[in-house]
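Colleague: Here's a structure for you.
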Amino acid sequence: MAKAKLKKTSAVKKAGAARPASLASLENQLQRLDDSLVSLVNQRAELARQVGEWKRSAGEPAFVPGQEEDLLARVAALDKGPLPENCIRGVFRELISGSRALLRDVRVAMLGPMYSYSHLAAIHRFGQSVEFVPVGTIAAVFEEVNRGQSDFGLVPIENSTDGRIADSLEMFTRLPVRICGEVDLEIHHTLLGKCGRSEIREVYSKPQALSQCRNWLARHLSAARMIEVTSTSTAAQLAGEKPGAAAIASLQAGIHYGLDVLAEQIEDNPTNKTRFAVIGEHSAPRTGRDKAAMLFQVEHRPGALADAMNIFKRNRLNLTWIESFPIPGSSRNYLFFVEMEGHETDARIRRTVAALGRKTTRLEILGSFPAGPNGQ
């Protein structure tokens, strides 16, 4: 009786369940879609090449960093899943990067070696179909761009934990490059090495990375010696060569240098971010969702700074960033870096610049660039 009941139940289940497509049929559908995607991707790349050629013949730049963010934002808004938005952005970012390479090679200078956080930020902005130029210092990135040896550079300007990046601000005072884009990159630090945590005697990294992990290091590696080096990738390289050494660097650097992951996400601030500026020869064209940056100096007298700042208020400009920076070799004299919503060609900003010119002893526009949506 029980056996008959079991057979009846199984028959009901089979009758009520929809029969799935065979695996072979699903694989055939995937193959047909792949074939279509390859054809469509190449059609798009050819159209992008033609648009770029037309712009170049009209005397317009074929590529402006940040301008393509509108396209990425548009396709991300179309995403209904199951792929997450960052995946859609990544696919289109590489498609844009490859299409750009059909027109000409683009050289991008950044603080290296490869798989430093600057390199990861450069990939985030430019994709991987560009020529990356790793250099040893932030100053060298500026020099590469200023001398025309690289088309663009990527430099850090502020971190959510440690604040301003002084080396970058100083170079803006020295060389006439322009900010033409920005990248916000989440910074997750990884402890890397080829030994166990109990065997670590030295930890290598950039000063900023060591600072951003200081509480974790004090709790877990208080006996180890902290050694500052020029980049996190250099630290990863040293950790692979020296017994008893570890590095604080990106997970990608660990993979590149064949290191083991000893601890992940050891930054003290879980929302740790670094903002990078893309620098080039020209500002970016106006998009309607822009930022403009400038630096100025005022006389060393009571009320001089207040008078200058009141100009921004009168012109209803919303400041998004302000930093004071001591002038090298000068006592009690400061430069002020400000960033605001709008483009340098906007009437309100032009009025502001004209008024500031009468209140300041030095005034320079550092550039205009599209604001990245939600820091992306």
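We label chains A, B, ... in the order they appear in the structure tokens, count residues from 1 in each chain, and number ligands from 1 in the order shown.
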Counting only C-alpha atoms, which residues of stretch 83-139 of chain A fall within 10 Å of stretch 271-280 of chain A, and what is the closest atom pair for each with its distance in Å at one decimal, ordered by chain and rising number, as JSON lines?
Modeller:
```
{"residue": "A:Val108", "atom": "CA", "partner": "A:Val278", "partner_atom": "CA", "distance": 9.4}
{"residue": "A:Ala109", "atom": "CA", "partner": "A:Ile279", "partner_atom": "CA", "distance": 9.5}
{"residue": "A:Met110", "atom": "CA", "partner": "A:Val278", "partner_atom": "CA", "distance": 9.7}
{"residue": "A:Tyr117", "atom": "CA", "partner": "A:Thr274", "partner_atom": "CA", "distance": 9.0}
{"residue": "A:Ser118", "atom": "CA", "partner": "A:Phe276", "partner_atom": "CA", "distance": 7.9}
{"residue": "A:Ala121", "atom": "CA", "partner": "A:Phe276", "partner_atom": "CA", "distance": 7.5}
{"residue": "A:Ala122", "atom": "CA", "partner": "A:Val278", "partner_atom": "CA", "distance": 8.7}
{"residue": "A:Arg125", "atom": "CA", "partner": "A:Val278", "partner_atom": "CA", "distance": 8.8}
```
Colleague: Excluding same-chain residues fewer than 4 positions from A:Ala77, what lies within 12 Å of it counting only C-alpha atoms, as a list in words?
Modeller: Asp70, Leu71, Leu72, Ala73, Gly81, Pro84, Glu85, Asn86, Ile88, Arg89 and Pro373 of chain A
Colleague: Write out as a list of chain:residue names the residues lying within 10 Å of A:Gly240, counting only C-alpha atoms and excluding same-chain residues fewer than 6 positions away.
Modeller: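 Here the qualifying residues turn out to be A:Leu192, A:Gly193, A:Lys194, A:Cys195, A:Ala246, A:Ala247, A:Gly254, A:Tyr257, A:Gly258, A:Leu259, A:Asp260.
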Colleague: For stretch 347-353 of chain A, work out the shell of residues within 7 Å, counting only C-alpha atoms and skipping chain neighbours fewer than 3 positions away, then give it as a list in words.
Modeller: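 Listing them by chain and then by number gives Ile311, Phe312, Asn315, Glu344, Leu356 and Gly357 of chain A.
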Colleague: Once you have the residues from the selection above, write them out as an mmCIF file, in the first residue's frame, restricted to C-alpha atoms.
Modeller:
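Output contents, as saved in part.cif:
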```cif
data_model
loop_
_atom_site.group_PDB
_atom_site.id
_atom_site.type_symbol
_atom_site.label_atom_id
_atom_site.label_comp_id
_atom_site.auth_asym_id
_atom_site.auth_seq_id
_atom_site.Cartn_x
_atom_site.Cartn_y
_atom_site.Cartn_z
ATOM 1 C CA ILE A 311 32.967 86.330 -2.750
ATOM 2 C CA PHE A 312 31.967 82.668 -3.085
ATOM 3 C CA ASN A 315 27.939 84.339 -6.082
ATOM 4 C CA GLU A 344 35.068 77.522 -14.976
ATOM 5 C CA LEU A 356 38.971 87.309 -6.429
ATOM 6 C CA GLY A 357 41.584 88.805 -8.728
#
```
Colleague: Going by DSSP on the backbone, which residues of stretch 176-364 of chain A come out as helix (DSSP H, G or I)? List them as a PyMOL selection string.
Modeller: chain A and resi 197-199+207-212+214-220+232-241+251-256+304-314+347-357
Colleague: Would you put the residues from that selection into a file with C-alpha atoms, as a compact mmCIF listing (two decimals), in the first residue's frame?
Modeller:
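Contents of part.txt, freshly written:
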```
# COMPACT_ATOMS: atom_id res chain seq x y z
CA ARG A 197 51.81 36.17 11.26
CA SER A 198 53.74 34.96 14.30
CA GLU A 199 56.97 35.09 12.25
CA PRO A 207 53.48 56.05 5.29
CA GLN A 208 49.81 56.69 4.52
CA ALA A 209 48.94 52.98 4.48
CA LEU A 210 50.76 52.38 7.77
CA SER A 211 48.89 55.32 9.27
CA GLN A 212 45.53 54.05 8.05
CA ARG A 214 47.93 51.91 12.89
CA ASN A 215 45.31 50.67 15.38
CA TRP A 216 45.12 47.21 13.80
CA LEU A 217 48.91 46.98 13.73
CA ALA A 218 49.18 48.04 17.38
CA ARG A 219 46.74 45.29 18.40
CA HIS A 220 48.05 42.46 16.23
CA THR A 232 52.55 49.70 -1.51
CA SER A 233 53.62 47.68 -4.55
CA THR A 234 57.27 48.15 -3.61
CA ALA A 235 56.32 46.90 -0.14
CA ALA A 236 54.73 43.78 -1.65
CA GLN A 237 57.83 43.14 -3.72
CA LEU A 238 60.07 43.39 -0.62
CA ALA A 239 57.77 41.08 1.36
CA GLY A 240 58.32 38.44 -1.29
CA GLU A 241 62.09 38.73 -1.06
CA LEU A 251 45.02 42.28 -2.75
CA GLN A 252 45.94 42.58 -6.44
CA ALA A 253 49.55 43.39 -5.55
CA GLY A 254 49.65 40.24 -3.43
CA ILE A 255 48.43 38.15 -6.34
CA HIS A 256 50.95 39.78 -8.70
CA ALA A 304 41.82 89.15 4.08
CA LEU A 305 40.72 85.50 3.93
CA ALA A 306 37.18 86.34 5.09
CA ASP A 307 36.89 88.96 2.33
CA ALA A 308 37.97 86.40 -0.27
CA MET A 309 35.65 83.67 0.99
CA ASN A 310 32.68 86.06 1.05
CA ILE A 311 32.97 86.33 -2.75
CA PHE A 312 31.97 82.67 -3.08
CA LYS A 313 28.93 83.29 -0.87
CA ARG A 314 27.84 86.36 -2.86
CA ALA A 347 29.04 83.01 -15.49
CA ARG A 348 28.99 82.77 -11.68
CA ILE A 349 32.49 81.32 -11.58
CA ARG A 350 33.80 83.88 -14.08
CA ARG A 351 32.40 86.66 -11.86
CA THR A 352 33.98 85.04 -8.83
CA VAL A 353 37.39 84.80 -10.52
CA ALA A 354 37.22 88.46 -11.55
CA ALA A 355 36.35 89.56 -8.01
CA LEU A 356 38.97 87.31 -6.43
CA GLY A 357 41.58 88.80 -8.73
```
Colleague: Once DSSP has gone over the backbone, tell me which residues of stretch 20-205 of chain A are in strand (DSSP E or B), as an MDAnalysis selection string.
Modeller: chainID A and resid 107:111 131:135 152:159 163:164 178:186 190:193 202:205
Colleague: Just give me the gap between atom CA of A:Arg332 and atom CA of A:Arg301 in Å, one decimal is fine.
Modeller: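 These atoms are spaced 10.9 Å apart.
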Colleague: Measuring atom to atom with only C-alpha atoms, identify which of A:Ala24, A:Glu339, A:Leu95, A:Val141 is nearest to A:Val38.
Modeller: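 Closest candidate: A:Leu95.
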Colleague: If we count only C-alpha atoms and set the cut-off at 7 Å, which residues sit around A:Ala284, ignoring sequence neighbours fewer than 4 positions away in its own chain? Please answer as a list in words.
Modeller: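 Listed by chain and then number, they are Val64, Cys180, Ser368 and Phe369 of chain A.
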Colleague: Neighbouring residues of A:Ile365 were defined as those with any atom within 9 Å, considering only C-alpha atoms; residues of the same chain fewer than 6 positions away were excluded. Please report them as number ranges by chain.
Modeller: A: 178, 292-296, 344, 353
Colleague: Write to file, as a PDB file, in the first residue's frame, the residues of the selection just made, with N, CA and C atoms.
Modeller:
```pdb
ATOM      1  N   ARG A 178      46.510  70.761 -15.566  1.00  0.00           N
ATOM      2  CA  ARG A 178      45.097  71.010 -15.280  1.00  0.00           C
ATOM      3  C   ARG A 178      44.431  69.732 -14.773  1.00  0.00           C
ATOM      4  N   ALA A 292      34.866  72.790 -10.348  1.00  0.00           N
ATOM      5  CA  ALA A 292      36.004  73.624 -10.743  1.00  0.00           C
ATOM      6  C   ALA A 292      36.913  73.762  -9.527  1.00  0.00           C
ATOM      7  N   ALA A 293      38.219  73.768  -9.772  1.00  0.00           N
ATOM      8  CA  ALA A 293      39.193  73.877  -8.685  1.00  0.00           C
ATOM      9  C   ALA A 293      40.102  75.066  -8.942  1.00  0.00           C
ATOM     10  N   MET A 294      40.536  75.729  -7.879  1.00  0.00           N
ATOM     11  CA  MET A 294      41.463  76.851  -8.008  1.00  0.00           C
ATOM     12  C   MET A 294      42.300  76.963  -6.750  1.00  0.00           C
ATOM     13  N   LEU A 295      43.379  77.711  -6.845  1.00  0.00           N
ATOM     14  CA  LEU A 295      44.166  78.054  -5.670  1.00  0.00           C
ATOM     15  C   LEU A 295      44.335  79.565  -5.627  1.00  0.00           C
ATOM     16  N   PHE A 296      44.454  80.106  -4.403  1.00  0.00           N
ATOM     17  CA  PHE A 296      44.677  81.547  -4.280  1.00  0.00           C
ATOM     18  C   PHE A 296      45.476  81.844  -3.022  1.00  0.00           C
ATOM     19  N   GLU A 344      34.372  76.232 -14.917  1.00  0.00           N
ATOM     20  CA  GLU A 344      35.068  77.522 -14.976  1.00  0.00           C
ATOM     21  C   GLU A 344      34.507  78.471 -16.033  1.00  0.00           C
ATOM     22  N   VAL A 353      35.958  84.688 -10.187  1.00  0.00           N
ATOM     23  CA  VAL A 353      37.388  84.802 -10.516  1.00  0.00           C
ATOM     24  C   VAL A 353      37.775  86.271 -10.685  1.00  0.00           C
TER      25      VAL A 353
END
```
